[in-house]
Amino acid sequence: MLAAAAVAGLTVAGAPAAGAAPSAAGDAVTASVWRNVALTGTYTIRDDEGIFAAGTYCNGNVASEGWVNEVRTPSVWWETTCGGEIRVEKHVSAETDAGGGVMIYVTLRFYEGTNDTNTDLDAEYNFNRYVPAGQTSTVSEITLRNGENGGKDWAKLNLVLHNNR
């Protein structure tokens with residue numbers, strides 16, 4: 001089961017009903033195109049001087065999903081920590097088009113400090129990807145490095161973007 005965030009209009013309990021909303025013209029009605037977007041993959045994080053042990057490695061799975069429509073709504077869809085000092089976050093927003101394709105916007109953030117709730121942002125990576133209806137797109141080996149200690153603290157992510165329904 002994929003972990004999910006229900007934030008600002010994103011839900012995961014089921015597909016929102018296709019709704020009708022007035023257009024900018026006022027009287028015309030258009031149907032929303034809802035799609036289930038999922039981001040899955042794996043991560044490895046290295047904390048060079050972790051609180052608990054030097055050279056701590058953390059590995060795991062990235063899994064999140066949400067329902068999106070033509071309104072681009074950002075949210076934090078996933079985060080993890082490592083070594084007591086590192087936090088990695090994945091922020092996602094997406095919007096659909098009339099054909100059911102989805103433009104997915106992703107921001108990955110790497111925080112390293114004196115604890116894993118710190119606000120010391122050391123690396124950020126942004127990308128967007130268009131995924132046609134019913135397809136996936138692979139984003140391989142994204143590396144986020146902390147430049148403050150010669151890059152010895154890092155996170156590597158491999159992601160797959162899914163446009164499910």
# chains A, B, ... in the order shown; residues from 1 in each chain; ligands from 1

call {"tool": "residues_around", "arguments": {"residues": "Gly41 (chain A)", "least_positions_apart": "4", "cutoff": "6 Å", "atoms": "only C-alpha atoms", "output": "PDB file with C-alpha atoms, in the first residue's frame"}}
result
ATOM      1  CA  ASN A  61      11.456   2.642  -0.610  1.00  0.00           C
ATOM      2  CA  VAL A  62       9.857   5.849  -1.778  1.00  0.00           C
ATOM      3  CA  ASN A 158      15.660   6.406  -8.226  1.00  0.00           C
ATOM      4  CA  LEU A 159      12.044   7.265  -8.992  1.00  0.00           C
ATOM      5  CA  VAL A 160       9.252   6.014 -11.221  1.00  0.00           C
TER       6      VAL A 160
END

call {"tool": "atom_distance", "arguments": {"atom1": "CA of Asn163 (chain A)", "atom2": "CA of Gly60 (chain A)"}}
result
22.4 Å

call {"tool": "residues_around", "arguments": {"residues": "Arg72 (chain A)", "least_positions_apart": "5", "cutoff": "9 Å", "atoms": "only C-alpha atoms", "output": "list in words"}}
result
Ser93, Ala94, Glu95 and Thr96 of chain A

call {"tool": "residues_around", "arguments": {"residues": "region 150-153 of chain A", "least_positions_apart": "5", "cutoff": "10 Å", "atoms": "only C-alpha atoms", "output": "PyMOL selection string"}}
result
chain A and resi 45-50+55-57+85-86+110-112+122+144-145

call {"tool": "closest_residue", "arguments": {"among": "A:Trp34, A:Tyr130, A:Tyr43, A:Tyr105", "to": "Thr80 (chain A)", "atoms": "only C-alpha atoms"}}
result
A:Tyr43

call {"tool": "closest_residue", "arguments": {"among": "A:Val131, A:Ala38, A:Leu121, A:Cys82", "to": "Val102 (chain A)", "atoms": "only C-alpha atoms"}}
result
A:Val131

call {"tool": "closest_residue", "arguments": {"among": "A:Glu79, A:Glu70, A:Glu89, A:Glu124", "to": "Met103 (chain A)", "atoms": "only C-alpha atoms"}}
result
A:Glu70

call {"tool": "select_by_dssp", "arguments": {"residues": "region 24-151 of chain A", "states": "strand (DSSP E)", "output": "number ranges by chain"}}
result
A: 29-31, 35-49, 54-68, 75-82, 86-96, 102-112, 121-131, 136-145

call {"tool": "closest_residue", "arguments": {"among": "A:Thr40, A:Thr81, A:Ser64, A:Gly113", "to": "Thr136 (chain A)", "atoms": "only C-alpha atoms"}}
result
A:Thr40

call {"tool": "closest_residue", "arguments": {"among": "A:Leu161, A:Glu148, A:Leu108, A:Pro132", "to": "Ala63 (chain A)", "atoms": "only C-alpha atoms"}}
result
A:Leu161
